[in-house]
Amino acid sequence: MSESFVRLSDELSSKGIDVEGVIASLKKQHIETPSWGYGNSGTRFRVFPNSAAARNVHEKIDDAALIHKLSGIAPSVALHIPWDYVSDWKALGSYATDKGIKIGAINPNVFQDEIYMLGSLCHAKVDVRNKAIEHMVECCEIMSATGSDLLSIWLADGTNYAGQDSIRNRKALLLDSLKKIYANLPADSRMLLEYKFFEPAFYHTDIADWGTSFALCQRLGDQAQVLVDTGHHAPGTNIAYIVAQLLDEGRLGGFHFNSRNYADDDLIVGSTNPFELFTIFTELVSAGDLAADVAYMIDQSHNIEPKLEAMLLSVLNCQTALAKALIVDYKGLETLQADGDVLGSHRLMMDAFETDVRPLLAEVRSRMGVPVDPIKELRASGIETKLAAARR
Ligand code: PSV
Ligand code: MN
C-alpha cells in the first residue's frame, strides 16, 4: 500500500466515501474491446499499414487477451461479421476461452455489399431487405455458437437528397425487418440498436438519434435496447443527458466509446474530452442497479497510433473516468441539490473530477495482480516490436 494511496484513502473517507466499496466496483469493471481495432484500418483517405496489426480473427483475439492481461478489466472482444468470419464458431469461442477472454457483441455488417447502396433493412426492394435479415439471423446463430449475448446493430441506411425516398415508408420497412430479426434472438440475449446522425448518408439517416432508436426498441420488446456511440452526436450534444434518460426508461443497452473533435473521429476515448466521459459515468454510477446490464464497449480504429497501446490507453481512460465518478459524494450532492445550491453542487462534482485517482488505481491494480502501470509494462515488454517482426 503506497503512502499516496493511504493519504488519498484518508481524505476520501473523511468525506464519507466508502473506499473499499469504490475498490470493489473498480475491480468489477468490464470494458469490451473491438476486434476491428486490432487489425489494419484507418480513414477513408489512407490506411497506414501497421506491421504489428493482427492479420486474422485469431490474432485479434490474442491481442484482446493481452489487453485484458495487462488491464484486468477487458475480458471480452466484440466481433464484426463478415470481417471476422470463420467456419467453426464453437471452435472460435473455445479459442477465446483458452486465451482467458470471451466473445462479446456480434456486429452484423450490412453496409459493405454492392446491393446495400440504397439501404439494407430499409431498402425498397424486398430481396435486399431479406438478404440483410438473413445475415442478421445468421449472426444470431453465431451468438448461440460463441456464447455471445449481444447482437449489436448499426445501419448505414439513409438518403442523400430530399425526396430521394419516403422517410416514413422506410421507417415502416425498418420496423418490419427488425421484428423478423428480433424473433430470432437467442434466449436471454439482447439486441442493441445504435444510432448515428449522419454518414454515410447526408440528407437523412434512418436511425439518426436516440429518440428514433428508443421508439423502435419500444415497438420491438424488452430485449431491444439503445446503444450510445459517443462519436455519433452533433457537436454540443449533452450525452450525459441522453444516458440519464435511457437509464431511467430501462433502455440503455450499451456504449461504443470513442472521442470526437469534429465528426465520428474514432479517437481514443477520454482523450479529447475527459470531462464528458466523467459526466457519463456519474450518471451510470448514480443510477445504481439501473445500470447493471449496460455493455461497455470501445469502438475505435486507430490509423497512426500503435494499436495495442492505443487500445490499452482507451481501456485505462474508462477506468479513470469510473474511479472519478465513484468518488463523488452523491449523498452530499443530494443535500446541496435540495438546497438549490447551484455552485456548491457543481463544486462537489468538480472536486471528484479534479482528484488525482492514480494512487487509487495503482492500489486496485496491485490487488488485482495486474501491472500498476500497464502502459509502462506494455512498452517495456517490446511486444509491439516483436509482433511487427512476427506478423510482417
Ligand atoms: C459506425 O460508424 C460504427 O460506429 C458502427 O458501430 C460500426 O459497426 C463501426 O462503426 C465499425 O465500422
Ligand atoms: Mn459504433
# chains A, B, ... in the order shown; residues from 1 in each chain; ligands from 1
>>> residues_around(residues="segment 205-208 of chain A", least_positions_apart="5", cutoff="8 Å", atoms="only C-alpha atoms", output="PDB file with N, CA and C atoms, in the first residue's frame")
ATOM      1  N   CYS A 122     -33.997  -1.090 -44.656  1.00  0.00           N
ATOM      2  CA  CYS A 122     -34.998  -0.095 -45.097  1.00  0.00           C
ATOM      3  C   CYS A 122     -35.112  -0.058 -46.613  1.00  0.00           C
ATOM      4  N   LEU A 155     -26.809   0.549 -38.766  1.00  0.00           N
ATOM      5  CA  LEU A 155     -27.185   0.589 -40.179  1.00  0.00           C
ATOM      6  C   LEU A 155     -26.649   1.845 -40.838  1.00  0.00           C
ATOM      7  N   ALA A 156     -26.185   1.687 -42.060  1.00  0.00           N
ATOM      8  CA  ALA A 156     -25.741   2.865 -42.825  1.00  0.00           C
ATOM      9  C   ALA A 156     -26.914   3.461 -43.601  1.00  0.00           C
ATOM     10  N   ASP A 157     -28.101   2.898 -43.430  1.00  0.00           N
ATOM     11  CA  ASP A 157     -29.279   3.291 -44.220  1.00  0.00           C
ATOM     12  C   ASP A 157     -29.631   4.771 -44.077  1.00  0.00           C
ATOM     13  N   GLY A 158     -29.960   5.359 -45.218  1.00  0.00           N
ATOM     14  CA  GLY A 158     -30.376   6.761 -45.226  1.00  0.00           C
ATOM     15  C   GLY A 158     -30.433   7.247 -46.660  1.00  0.00           C
ATOM     16  N   THR A 159     -30.641   8.555 -46.829  1.00  0.00           N
ATOM     17  CA  THR A 159     -30.663   9.107 -48.194  1.00  0.00           C
ATOM     18  C   THR A 159     -29.762  10.339 -48.261  1.00  0.00           C
ATOM     19  N   ILE A 167     -39.245   8.884 -46.044  1.00  0.00           N
ATOM     20  CA  ILE A 167     -38.704   8.605 -44.708  1.00  0.00           C
ATOM     21  C   ILE A 167     -39.683   7.720 -43.927  1.00  0.00           C
ATOM     22  N   ARG A 170     -39.779   4.105 -45.236  1.00  0.00           N
ATOM     23  CA  ARG A 170     -38.556   3.398 -44.820  1.00  0.00           C
ATOM     24  C   ARG A 170     -38.671   3.003 -43.348  1.00  0.00           C
ATOM     25  N   LYS A 171     -39.283   3.855 -42.553  1.00  0.00           N
ATOM     26  CA  LYS A 171     -39.431   3.554 -41.121  1.00  0.00           C
ATOM     27  C   LYS A 171     -40.291   2.294 -40.947  1.00  0.00           C
ATOM     28  N   GLU A 194     -27.978   0.850 -32.500  1.00  0.00           N
ATOM     29  CA  GLU A 194     -27.097   2.023 -32.480  1.00  0.00           C
ATOM     30  C   GLU A 194     -27.625   3.113 -33.409  1.00  0.00           C
ATOM     31  N   TYR A 195     -27.483   4.349 -33.007  1.00  0.00           N
ATOM     32  CA  TYR A 195     -27.909   5.468 -33.858  1.00  0.00           C
ATOM     33  C   TYR A 195     -26.699   6.298 -34.253  1.00  0.00           C
ATOM     34  N   LYS A 196     -26.871   7.026 -35.336  1.00  0.00           N
ATOM     35  CA  LYS A 196     -25.798   7.928 -35.796  1.00  0.00           C
ATOM     36  C   LYS A 196     -26.451   9.000 -36.650  1.00  0.00           C
ATOM     37  N   PHE A 197     -26.137  10.256 -36.411  1.00  0.00           N
ATOM     38  CA  PHE A 197     -26.948  11.303 -37.056  1.00  0.00           C
ATOM     39  C   PHE A 197     -26.597  11.567 -38.506  1.00  0.00           C
ATOM     40  N   PHE A 198     -25.468  11.085 -38.971  1.00  0.00           N
ATOM     41  CA  PHE A 198     -25.105  11.279 -40.380  1.00  0.00           C
ATOM     42  C   PHE A 198     -24.019  10.263 -40.747  1.00  0.00           C
ATOM     43  N   GLU A 199     -23.712  10.191 -42.033  1.00  0.00           N
ATOM     44  CA  GLU A 199     -22.619   9.393 -42.574  1.00  0.00           C
ATOM     45  C   GLU A 199     -22.890   7.890 -42.506  1.00  0.00           C
ATOM     46  N   SER A 213     -34.157   5.424 -32.073  1.00  0.00           N
ATOM     47  CA  SER A 213     -33.751   4.093 -31.622  1.00  0.00           C
ATOM     48  C   SER A 213     -34.646   3.621 -30.460  1.00  0.00           C
TER      49      SER A 213
END
>>> select_by_dssp(residues="segment 181-371 of chain A", states="strand (DSSP E or B)", output="PyMOL selection string")
chain A and resi 190-194+204-205+224-229+252-257+259+267+295-298
>>> residues_near_ligand(ligand="ligand 1", cutoff="8 Å", atoms="only C-alpha atoms and all ligand atoms", output="list in words")
Trp36, His80, Asn107, Pro108, Asn109, Ser152, Ile153, Trp154, Leu155, Ala156, Glu194, Lys196, Glu199, Asp229, Gly231, His232, His256, Asp264, Asp299 and Gln300 of chain A
>>> write_last_selection(atoms="N, CA and C atoms", output="PDB file, in the first residue's frame")
ATOM      1  N   TRP A  36     -12.020  -5.129 -34.574  1.00  0.00           N
ATOM      2  CA  TRP A  36     -11.598  -4.286 -35.687  1.00  0.00           C
ATOM      3  C   TRP A  36     -10.583  -3.227 -35.270  1.00  0.00           C
ATOM      4  N   HIS A  80     -16.993  -8.502 -35.672  1.00  0.00           N
ATOM      5  CA  HIS A  80     -17.721  -7.864 -36.768  1.00  0.00           C
ATOM      6  C   HIS A  80     -17.789  -8.891 -37.890  1.00  0.00           C
ATOM      7  N   ASN A 107     -21.453  -8.052 -34.217  1.00  0.00           N
ATOM      8  CA  ASN A 107     -21.863  -6.898 -35.026  1.00  0.00           C
ATOM      9  C   ASN A 107     -22.073  -7.321 -36.477  1.00  0.00           C
ATOM     10  N   PRO A 108     -23.327  -7.355 -36.944  1.00  0.00           N
ATOM     11  CA  PRO A 108     -23.565  -7.675 -38.351  1.00  0.00           C
ATOM     12  C   PRO A 108     -23.069  -6.511 -39.223  1.00  0.00           C
ATOM     13  N   ASN A 109     -22.790  -6.820 -40.470  1.00  0.00           N
ATOM     14  CA  ASN A 109     -22.333  -5.772 -41.376  1.00  0.00           C
ATOM     15  C   ASN A 109     -23.220  -5.769 -42.610  1.00  0.00           C
ATOM     16  N   SER A 152     -25.373  -6.458 -31.905  1.00  0.00           N
ATOM     17  CA  SER A 152     -25.204  -5.008 -31.907  1.00  0.00           C
ATOM     18  C   SER A 152     -25.356  -4.478 -33.329  1.00  0.00           C
ATOM     19  N   ILE A 153     -26.491  -3.815 -33.583  1.00  0.00           N
ATOM     20  CA  ILE A 153     -26.835  -3.431 -34.960  1.00  0.00           C
ATOM     21  C   ILE A 153     -26.578  -1.955 -35.229  1.00  0.00           C
ATOM     22  N   TRP A 154     -25.822  -1.704 -36.279  1.00  0.00           N
ATOM     23  CA  TRP A 154     -25.715  -0.336 -36.801  1.00  0.00           C
ATOM     24  C   TRP A 154     -26.004  -0.391 -38.298  1.00  0.00           C
ATOM     25  N   LEU A 155     -26.809   0.549 -38.766  1.00  0.00           N
ATOM     26  CA  LEU A 155     -27.185   0.589 -40.179  1.00  0.00           C
ATOM     27  C   LEU A 155     -26.649   1.845 -40.838  1.00  0.00           C
ATOM     28  N   ALA A 156     -26.185   1.687 -42.060  1.00  0.00           N
ATOM     29  CA  ALA A 156     -25.741   2.865 -42.825  1.00  0.00           C
ATOM     30  C   ALA A 156     -26.914   3.461 -43.601  1.00  0.00           C
ATOM     31  N   GLU A 194     -27.978   0.850 -32.500  1.00  0.00           N
ATOM     32  CA  GLU A 194     -27.097   2.023 -32.480  1.00  0.00           C
ATOM     33  C   GLU A 194     -27.625   3.113 -33.409  1.00  0.00           C
ATOM     34  N   LYS A 196     -26.871   7.026 -35.336  1.00  0.00           N
ATOM     35  CA  LYS A 196     -25.798   7.928 -35.796  1.00  0.00           C
ATOM     36  C   LYS A 196     -26.451   9.000 -36.650  1.00  0.00           C
ATOM     37  N   GLU A 199     -23.712  10.191 -42.033  1.00  0.00           N
ATOM     38  CA  GLU A 199     -22.619   9.393 -42.574  1.00  0.00           C
ATOM     39  C   GLU A 199     -22.890   7.890 -42.506  1.00  0.00           C
ATOM     40  N   ASP A 229     -23.183   5.400 -29.173  1.00  0.00           N
ATOM     41  CA  ASP A 229     -21.795   5.549 -29.620  1.00  0.00           C
ATOM     42  C   ASP A 229     -21.456   7.022 -29.390  1.00  0.00           C
ATOM     43  N   GLY A 231     -19.323   8.961 -30.373  1.00  0.00           N
ATOM     44  CA  GLY A 231     -18.928   9.783 -31.527  1.00  0.00           C
ATOM     45  C   GLY A 231     -20.064  10.123 -32.470  1.00  0.00           C
ATOM     46  N   HIS A 232     -21.257   9.611 -32.210  1.00  0.00           N
ATOM     47  CA  HIS A 232     -22.354   9.748 -33.168  1.00  0.00           C
ATOM     48  C   HIS A 232     -23.333  10.879 -32.850  1.00  0.00           C
ATOM     49  N   HIS A 256     -20.661   2.459 -27.288  1.00  0.00           N
ATOM     50  CA  HIS A 256     -19.459   2.379 -28.102  1.00  0.00           C
ATOM     51  C   HIS A 256     -18.672   3.623 -27.726  1.00  0.00           C
ATOM     52  N   ASP A 264     -17.312  11.628 -36.608  1.00  0.00           N
ATOM     53  CA  ASP A 264     -17.142  10.314 -35.990  1.00  0.00           C
ATOM     54  C   ASP A 264     -15.648   9.986 -36.029  1.00  0.00           C
ATOM     55  N   ASP A 299     -15.366   1.425 -29.508  1.00  0.00           N
ATOM     56  CA  ASP A 299     -15.467   1.330 -30.964  1.00  0.00           C
ATOM     57  C   ASP A 299     -14.508   2.352 -31.549  1.00  0.00           C
ATOM     58  N   GLN A 300     -13.300   1.913 -31.821  1.00  0.00           N
ATOM     59  CA  GLN A 300     -12.285   2.823 -32.352  1.00  0.00           C
ATOM     60  C   GLN A 300     -11.460   2.066 -33.385  1.00  0.00           C
TER      61      GLN A 300
END
>>> residues_around(residues="Leu378 of chain A", least_positions_apart="3", cutoff="10 Å", atoms="only C-alpha atoms", output="VMD selection string")
chain A and resid 66 to 67 70 308 to 309 312 371 373 to 375 381 to 384
>>> closest_residue(among="A:Ile298, A:Ile23, A:Leu79, A:Val128", to="ligand 2", atoms="only C-alpha atoms and all ligand atoms")
A:Ile298
>>> residues_around(residues="Ala295 of chain A", least_positions_apart="3", cutoff="7 Å", atoms="only C-alpha atoms", output="PyMOL selection string")
chain A and resi 253-255
>>> write_last_selection(atoms="C-alpha atoms", output="PDB file, in the first residue's frame")
ATOM      1  CA  GLY A 253     -28.186  -1.269 -23.674  1.00  0.00           C
ATOM      2  CA  GLY A 254     -24.603  -0.226 -24.046  1.00  0.00           C
ATOM      3  CA  PHE A 255     -21.902   2.100 -25.299  1.00  0.00           C
TER       4      PHE A 255
END
>>> closest_residue(among="A:Arg168, A:Arg190, A:Arg365, A:Arg55", to="Lys69 of chain A", atoms="only C-alpha atoms")
A:Arg365
>>> closest_residue(among="A:Asp266, A:Asp127, A:Glu114, A:Asp62", to="ligand 2", atoms="only C-alpha atoms and all ligand atoms")
A:Asp266
>>> closest_residue(among="A:Thr230, A:Ser71, A:Thr385, A:Ser94", to="Leu26 of chain A", atoms="only C-alpha atoms")
A:Ser71
>>> residues_around(residues="Gly16 of chain A", least_positions_apart="3", cutoff="8 Å", atoms="only C-alpha atoms", output="list in words")
Leu12, Ser13 and Asp329 of chain A
>>> write_last_selection(atoms="N, CA and C atoms", output="mmCIF file, in the first residue's frame")
data_model
loop_
_atom_site.group_PDB
_atom_site.id
_atom_site.type_symbol
_atom_site.label_atom_id
_atom_site.label_comp_id
_atom_site.auth_asym_id
_atom_site.auth_seq_id
_atom_site.Cartn_x
_atom_site.Cartn_y
_atom_site.Cartn_z
ATOM 1 N N LEU A 12 -10.578 10.671 1.275
ATOM 2 C CA LEU A 12 -11.899 10.279 0.760
ATOM 3 C C LEU A 12 -12.809 9.811 1.893
ATOM 4 N N SER A 13 -12.230 9.025 2.806
ATOM 5 C CA SER A 13 -13.032 8.526 3.936
ATOM 6 C C SER A 13 -13.573 9.681 4.759
ATOM 7 N N ASP A 329 -19.404 12.395 -3.901
ATOM 8 C CA ASP A 329 -20.212 12.223 -2.688
ATOM 9 C C ASP A 329 -21.689 12.456 -3.074
#
>>> decode(residues="segment 217-229 of chain A", atoms="N, CA, C and O atoms", output="short mmCIF file (atom, residue, chain, number, x, y, z; two decimals), in the first residue's frame")
data_model
loop_
_atom_site.label_atom_id
_atom_site.label_comp_id
_atom_site.auth_asym_id
_atom_site.auth_seq_id
_atom_site.Cartn_x
_atom_site.Cartn_y
_atom_site.Cartn_z
N CYS A 217 -37.09 0.38 -30.25
CA CYS A 217 -36.91 -0.63 -29.20
C CYS A 217 -38.23 -0.87 -28.47
O CYS A 217 -38.58 -2.01 -28.15
N GLN A 218 -38.95 0.20 -28.20
CA GLN A 218 -40.23 0.04 -27.50
C GLN A 218 -41.21 -0.79 -28.32
O GLN A 218 -41.99 -1.57 -27.78
N ARG A 219 -41.16 -0.62 -29.64
CA ARG A 219 -42.06 -1.38 -30.50
C ARG A 219 -41.62 -2.85 -30.57
O ARG A 219 -42.44 -3.73 -30.82
N LEU A 220 -40.32 -3.10 -30.38
CA LEU A 220 -39.81 -4.47 -30.54
C LEU A 220 -40.01 -5.34 -29.29
O LEU A 220 -40.37 -6.50 -29.39
N GLY A 221 -39.71 -4.79 -28.14
CA GLY A 221 -39.85 -5.58 -26.90
C GLY A 221 -38.67 -5.37 -25.96
O GLY A 221 -37.72 -4.64 -26.28
N ASP A 222 -38.74 -6.03 -24.81
CA ASP A 222 -37.77 -5.80 -23.73
C ASP A 222 -36.34 -6.18 -24.08
O ASP A 222 -35.39 -5.73 -23.44
N GLN A 223 -36.18 -7.08 -25.06
CA GLN A 223 -34.82 -7.50 -25.41
C GLN A 223 -34.11 -6.48 -26.32
O GLN A 223 -32.96 -6.69 -26.68
N ALA A 224 -34.80 -5.42 -26.69
CA ALA A 224 -34.18 -4.40 -27.56
C ALA A 224 -33.83 -3.16 -26.75
O ALA A 224 -34.67 -2.65 -26.01
N GLN A 225 -32.60 -2.71 -26.89
CA GLN A 225 -32.16 -1.54 -26.13
C GLN A 225 -31.28 -0.65 -27.01
O GLN A 225 -30.74 -1.09 -28.03
N VAL A 226 -31.10 0.58 -26.56
CA VAL A 226 -30.38 1.57 -27.35
C VAL A 226 -28.87 1.48 -27.09
O VAL A 226 -28.44 1.28 -25.95
N LEU A 227 -28.08 1.62 -28.15
CA LEU A 227 -26.63 1.70 -27.99
C LEU A 227 -26.17 3.13 -28.29
O LEU A 227 -26.51 3.69 -29.33
N VAL A 228 -25.42 3.68 -27.36
CA VAL A 228 -24.92 5.06 -27.50
C VAL A 228 -23.45 5.01 -27.92
O VAL A 228 -22.59 4.58 -27.15
N ASP A 229 -23.18 5.40 -29.17
CA ASP A 229 -21.79 5.55 -29.62
C ASP A 229 -21.46 7.02 -29.39
O ASP A 229 -22.08 7.92 -29.96
#
